[in-house]
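Only one structure is covered here, and it is reproduced in the block below.
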Amino acid sequence: MYKGLKISLVAAMSDNRVIGRGSTIPWRAKGDLRFFKEQTENRPVIMGRKTFESLKNAGVQPLPGRPNLVVTTRADYCFDHPDVSIHHSMDDALHHAAKLAAELDTDTVCIGGGAEIYKLSLPVADIIHLTEIHCMIEDGDTFFPDFSHDEWQETRREYRKAENGDTADYSFVTWQRA
Ligand SMILES: NC(=O)c1ccc[n+]([C@@H]2O[C@H](COP(=O)([O-])OP(=O)(O)OC[C@H]3O[C@@H](n4cnc5c(N)ncnc54)[C@H](OP(=O)(O)O)[C@@H]3O)[C@@H](O)[C@H]2O)c1
């Protein structure tokens with residue numbers, strides 16, 4: 001659909017598929033934050049308006065060193081920053097991301113969440129980097145969407161022990177479209 005462009009979902013979920021609670025991420029896993037940075041730096045990152053706003057809580061709004069493409073239905077939504085653009089459909093965001101990717105000399109566009117945007121982009125995604133955080137979050141309110149294991153193949157799984165200050169062990173898992 002987007003010729004020559006790789007669409008890469010980058011997410012982390014608990015063992016019961018939670019990705020968020022009250023507009024925050026309910027665990028601490030420093031290695032996963034480093035992984036997210038490595039995957040997304042110098043690449044366009046598409047995210048939903050709610051995820052973009054949640055970055056404020058983490059003190060990183062917008063994500064530095066990469067274009068932030070924010071998807072919203074709100075016609076009057078604006079954010080005045082050279083690295084931020086606002087889009088009113090996934091299609092528009094993907095087209096703009098393709099242009100930015102060419103300017104940045106990368107073939108990859110990242111999808112940075114949250115659940116609504118992961119769900120919208122799964123049908124066009126080529127790769128899913130889904131870190132499994134080994135904990136159960138009983139009061140989570142946002143979940144990674146189900147995807148068919150007939151259509152996706154696990155190609156990498158690497159276990160990491162929690163570092164000092166982390167709240168759980170985790171595994172880096174990569175899925176490629178089968
Ligand atoms: N663990 C992880 O890897 C991870 C990653 C990212 C986010 N999160 C968490 O996920 C949660 C947020 O996820 P979420 O699913 O609630 O929200 P989201 O996907 O970040 O954003 C949803 C918003 O996107 C816009 N939108 C959705 N579909 C659209 C469409 N077809 N056209 C135009 N705009 C559209 C709407 O914005 P308007 O309402 O403005 O119209 C909608 O409210 C937070 O808790 C966050 O911390 C976790």
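In the structure tokens, chains take the letters A, B, ... in the order shown, each chain's residues start at 1, and ligands count up from 1 in the order shown.
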task = Within 6 Å of ligand 1, which residues show up when you count only C-alpha atoms and all ligand atoms? List them as a PyMOL selection string, please.
result = chain A and resi 11-13+19-25+47-51+54+71-74+88-89+112-117+142
Can you spit out the residues from that selection as a PDB file, in the first residue's frame, using C-alpha atoms?
ATOM      1  CA  ALA A  11       4.535  -1.083  21.939  1.00  0.00           C
ATOM      2  CA  ALA A  12       4.851  -2.657  25.361  1.00  0.00           C
ATOM      3  CA  MET A  13       2.124  -4.639  27.103  1.00  0.00           C
ATOM      4  CA  ILE A  19      -0.716  -0.900  27.669  1.00  0.00           C
ATOM      5  CA  GLY A  20      -2.043   1.967  29.777  1.00  0.00           C
ATOM      6  CA  ARG A  21      -3.791   3.037  32.966  1.00  0.00           C
ATOM      7  CA  GLY A  22      -5.131   6.541  33.599  1.00  0.00           C
ATOM      8  CA  SER A  23      -3.132   8.042  30.682  1.00  0.00           C
ATOM      9  CA  THR A  24       0.137   6.621  31.940  1.00  0.00           C
ATOM     10  CA  ILE A  25       2.188   3.472  31.503  1.00  0.00           C
ATOM     11  CA  MET A  47       0.388   8.577  17.606  1.00  0.00           C
ATOM     12  CA  GLY A  48      -3.135   9.247  18.794  1.00  0.00           C
ATOM     13  CA  ARG A  49      -4.054  12.557  20.374  1.00  0.00           C
ATOM     14  CA  LYS A  50      -4.448  10.887  23.805  1.00  0.00           C
ATOM     15  CA  THR A  51      -0.968   9.376  23.691  1.00  0.00           C
ATOM     16  CA  SER A  54       0.046  11.768  27.878  1.00  0.00           C
ATOM     17  CA  VAL A  71      -3.992  11.921  14.796  1.00  0.00           C
ATOM     18  CA  THR A  72      -7.212  13.560  15.995  1.00  0.00           C
ATOM     19  CA  THR A  73     -10.775  14.121  14.840  1.00  0.00           C
ATOM     20  CA  ARG A  74     -10.737  17.610  16.374  1.00  0.00           C
ATOM     21  CA  HIS A  88      -7.367  14.045  10.765  1.00  0.00           C
ATOM     22  CA  SER A  89      -7.043  10.473   9.447  1.00  0.00           C
ATOM     23  CA  GLY A 112       3.720   4.835  18.781  1.00  0.00           C
ATOM     24  CA  GLY A 113       0.203   4.098  20.092  1.00  0.00           C
ATOM     25  CA  GLY A 114      -2.110   4.064  21.836  1.00  0.00           C
ATOM     26  CA  ALA A 115      -4.608   1.256  21.482  1.00  0.00           C
ATOM     27  CA  GLU A 116      -6.891   3.031  18.989  1.00  0.00           C
ATOM     28  CA  ILE A 117      -4.012   3.897  16.686  1.00  0.00           C
ATOM     29  CA  THR A 142      -6.146   0.337  27.621  1.00  0.00           C
TER      30      THR A 142
END
Please produce, as JSON lines, a per-residue contact table for range 22-89 of chain A versus range 122-132 of chain A (criterion: any atom at most 12 Å away, only C-alpha atoms considered), showing the nearest atom pair and its distance in Å to one decimal, sorted by chain then residue number.
{"residue": "A:Trp27", "atom": "CA", "partner": "A:Glu132", "partner_atom": "CA", "distance": 11.4}
{"residue": "A:Ala29", "atom": "CA", "partner": "A:Thr131", "partner_atom": "CA", "distance": 10.1}
{"residue": "A:Gly31", "atom": "CA", "partner": "A:Thr131", "partner_atom": "CA", "distance": 10.2}
{"residue": "A:Asp32", "atom": "CA", "partner": "A:Thr131", "partner_atom": "CA", "distance": 7.2}
{"residue": "A:Leu33", "atom": "CA", "partner": "A:Thr131", "partner_atom": "CA", "distance": 10.3}
{"residue": "A:Arg34", "atom": "CA", "partner": "A:Thr131", "partner_atom": "CA", "distance": 11.9}
{"residue": "A:Phe35", "atom": "CA", "partner": "A:Thr131", "partner_atom": "CA", "distance": 9.3}
{"residue": "A:Phe36", "atom": "CA", "partner": "A:His129", "partner_atom": "CA", "distance": 9.1}
{"residue": "A:Glu38", "atom": "CA", "partner": "A:His129", "partner_atom": "CA", "distance": 11.8}
{"residue": "A:Gln39", "atom": "CA", "partner": "A:His129", "partner_atom": "CA", "distance": 8.9}
{"residue": "A:Thr40", "atom": "CA", "partner": "A:His129", "partner_atom": "CA", "distance": 11.2}
request  = Enumerate, as a PyMOL selection string, the complete set of residues in chain A that a backbone-based DSSP assignment places in strand (DSSP E).
outcome  = chain A and resi 6-14+18-20+45-48+68-71+84-87+108-111+127-133+142-143+152-160+170-177
Next, write the just-selected residues to a file, as a PDB file, in the first residue's frame, keeping C-alpha atoms as the atom set.
ATOM      1  CA  LYS A   6       8.043  -0.212   6.383  1.00  0.00           C
ATOM      2  CA  ILE A   7       5.347   0.413   8.975  1.00  0.00           C
ATOM      3  CA  SER A   8       6.547  -0.593  12.409  1.00  0.00           C
ATOM      4  CA  LEU A   9       4.371  -0.764  15.530  1.00  0.00           C
ATOM      5  CA  VAL A  10       6.362  -0.206  18.720  1.00  0.00           C
ATOM      6  CA  ALA A  11       4.535  -1.083  21.939  1.00  0.00           C
ATOM      7  CA  ALA A  12       4.851  -2.657  25.361  1.00  0.00           C
ATOM      8  CA  MET A  13       2.124  -4.639  27.103  1.00  0.00           C
ATOM      9  CA  SER A  14       1.729  -6.522  30.383  1.00  0.00           C
ATOM     10  CA  VAL A  18      -2.536  -3.825  29.317  1.00  0.00           C
ATOM     11  CA  ILE A  19      -0.716  -0.900  27.669  1.00  0.00           C
ATOM     12  CA  GLY A  20      -2.043   1.967  29.777  1.00  0.00           C
ATOM     13  CA  VAL A  45       6.230   8.569  14.798  1.00  0.00           C
ATOM     14  CA  ILE A  46       2.455   8.510  14.421  1.00  0.00           C
ATOM     15  CA  MET A  47       0.388   8.577  17.606  1.00  0.00           C
ATOM     16  CA  GLY A  48      -3.135   9.247  18.794  1.00  0.00           C
ATOM     17  CA  ASN A  68       5.581  13.633  15.959  1.00  0.00           C
ATOM     18  CA  LEU A  69       2.458  13.078  13.821  1.00  0.00           C
ATOM     19  CA  VAL A  70      -0.675  13.415  15.928  1.00  0.00           C
ATOM     20  CA  VAL A  71      -3.992  11.921  14.796  1.00  0.00           C
ATOM     21  CA  VAL A  84       4.619  18.312  15.447  1.00  0.00           C
ATOM     22  CA  SER A  85       1.998  17.955  12.722  1.00  0.00           C
ATOM     23  CA  ILE A  86      -1.716  17.307  13.155  1.00  0.00           C
ATOM     24  CA  HIS A  87      -3.680  14.846  10.972  1.00  0.00           C
ATOM     25  CA  THR A 108      10.549   3.119   8.346  1.00  0.00           C
ATOM     26  CA  VAL A 109       7.583   4.875   9.894  1.00  0.00           C
ATOM     27  CA  CYS A 110       6.785   4.032  13.523  1.00  0.00           C
ATOM     28  CA  ILE A 111       3.390   3.763  15.147  1.00  0.00           C
ATOM     29  CA  ILE A 127       6.454  -5.417  11.787  1.00  0.00           C
ATOM     30  CA  ILE A 128       5.421  -5.331  15.452  1.00  0.00           C
ATOM     31  CA  HIS A 129       7.959  -4.703  18.199  1.00  0.00           C
ATOM     32  CA  LEU A 130       5.915  -5.748  21.213  1.00  0.00           C
ATOM     33  CA  THR A 131       7.766  -5.831  24.515  1.00  0.00           C
ATOM     34  CA  GLU A 132       6.101  -8.210  26.958  1.00  0.00           C
ATOM     35  CA  ILE A 133       6.314  -6.793  30.463  1.00  0.00           C
ATOM     36  CA  THR A 142      -6.146   0.337  27.621  1.00  0.00           C
ATOM     37  CA  PHE A 143      -5.143  -2.915  25.897  1.00  0.00           C
ATOM     38  CA  TRP A 152       2.101 -12.878  12.056  1.00  0.00           C
ATOM     39  CA  GLN A 153       5.229 -14.866  12.848  1.00  0.00           C
ATOM     40  CA  GLU A 154       7.382 -14.404  15.951  1.00  0.00           C
ATOM     41  CA  THR A 155      10.971 -13.825  14.762  1.00  0.00           C
ATOM     42  CA  ARG A 156      12.753 -12.661  17.938  1.00  0.00           C
ATOM     43  CA  ARG A 157      12.332 -13.181  21.671  1.00  0.00           C
ATOM     44  CA  GLU A 158      14.915 -11.954  24.169  1.00  0.00           C
ATOM     45  CA  TYR A 159      14.376 -12.076  27.918  1.00  0.00           C
ATOM     46  CA  ARG A 160      15.700  -9.264  30.143  1.00  0.00           C
ATOM     47  CA  TYR A 170      10.419  -8.243  30.290  1.00  0.00           C
ATOM     48  CA  SER A 171      10.971  -9.820  26.862  1.00  0.00           C
ATOM     49  CA  PHE A 172      11.658  -8.070  23.576  1.00  0.00           C
ATOM     50  CA  VAL A 173       9.458  -9.788  20.994  1.00  0.00           C
ATOM     51  CA  THR A 174       9.340  -9.081  17.264  1.00  0.00           C
ATOM     52  CA  TRP A 175       6.537 -10.185  14.959  1.00  0.00           C
ATOM     53  CA  GLN A 176       6.833 -10.064  11.166  1.00  0.00           C
ATOM     54  CA  ARG A 177       3.911 -10.378   8.804  1.00  0.00           C
TER      55      ARG A 177
END
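Coordinates place CA of Lys119 in chain A at a distance of 18.8 Å from CA of Glu53 in chain A.
Across the model, the gap from CA of Ala101 in chain A to CA of Asp76 in chain A is 26.1 Å.
Closest to His95 in chain A among A:Tyr2, A:Pro26, A:Pro64, A:Asn164 is A:Tyr2, based on only C-alpha atoms.
Here CA of Thr167 in chain A and CA of His134 in chain A stand 9.2 Å from one another.
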request  = Tell me which protein, DNA and RNA residues are within 9 Å of Leu104 in chain A, counting only C-alpha atoms, leaving out same-chain ones fewer than 4 positions away, and put them as an NGL selection string.
outcome  = :A and (42-44 or 99-100)
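Residue nearest Glu138 in chain A within the list A:Gly65, A:Asn16, A:Leu5, A:His96: A:Asn16 [criterion: smallest interatomic distance, only C-alpha atoms].
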request  = Name the residues of chain A that fall into helix (DSSP H, G or I) according to DSSP on the backbone, using the chain letters and numbers of this document, as JSON, numbers by chain.
outcome  = {"A": [30, 31, 32, 33, 34, 35, 36, 37, 38, 39, 40, 49, 50, 51, 52, 53, 54, 90, 91, 92, 93, 94, 95, 96, 97, 98, 99, 100, 101, 102, 103, 104, 115, 116, 117, 118, 119, 120, 121, 122, 123, 124]}
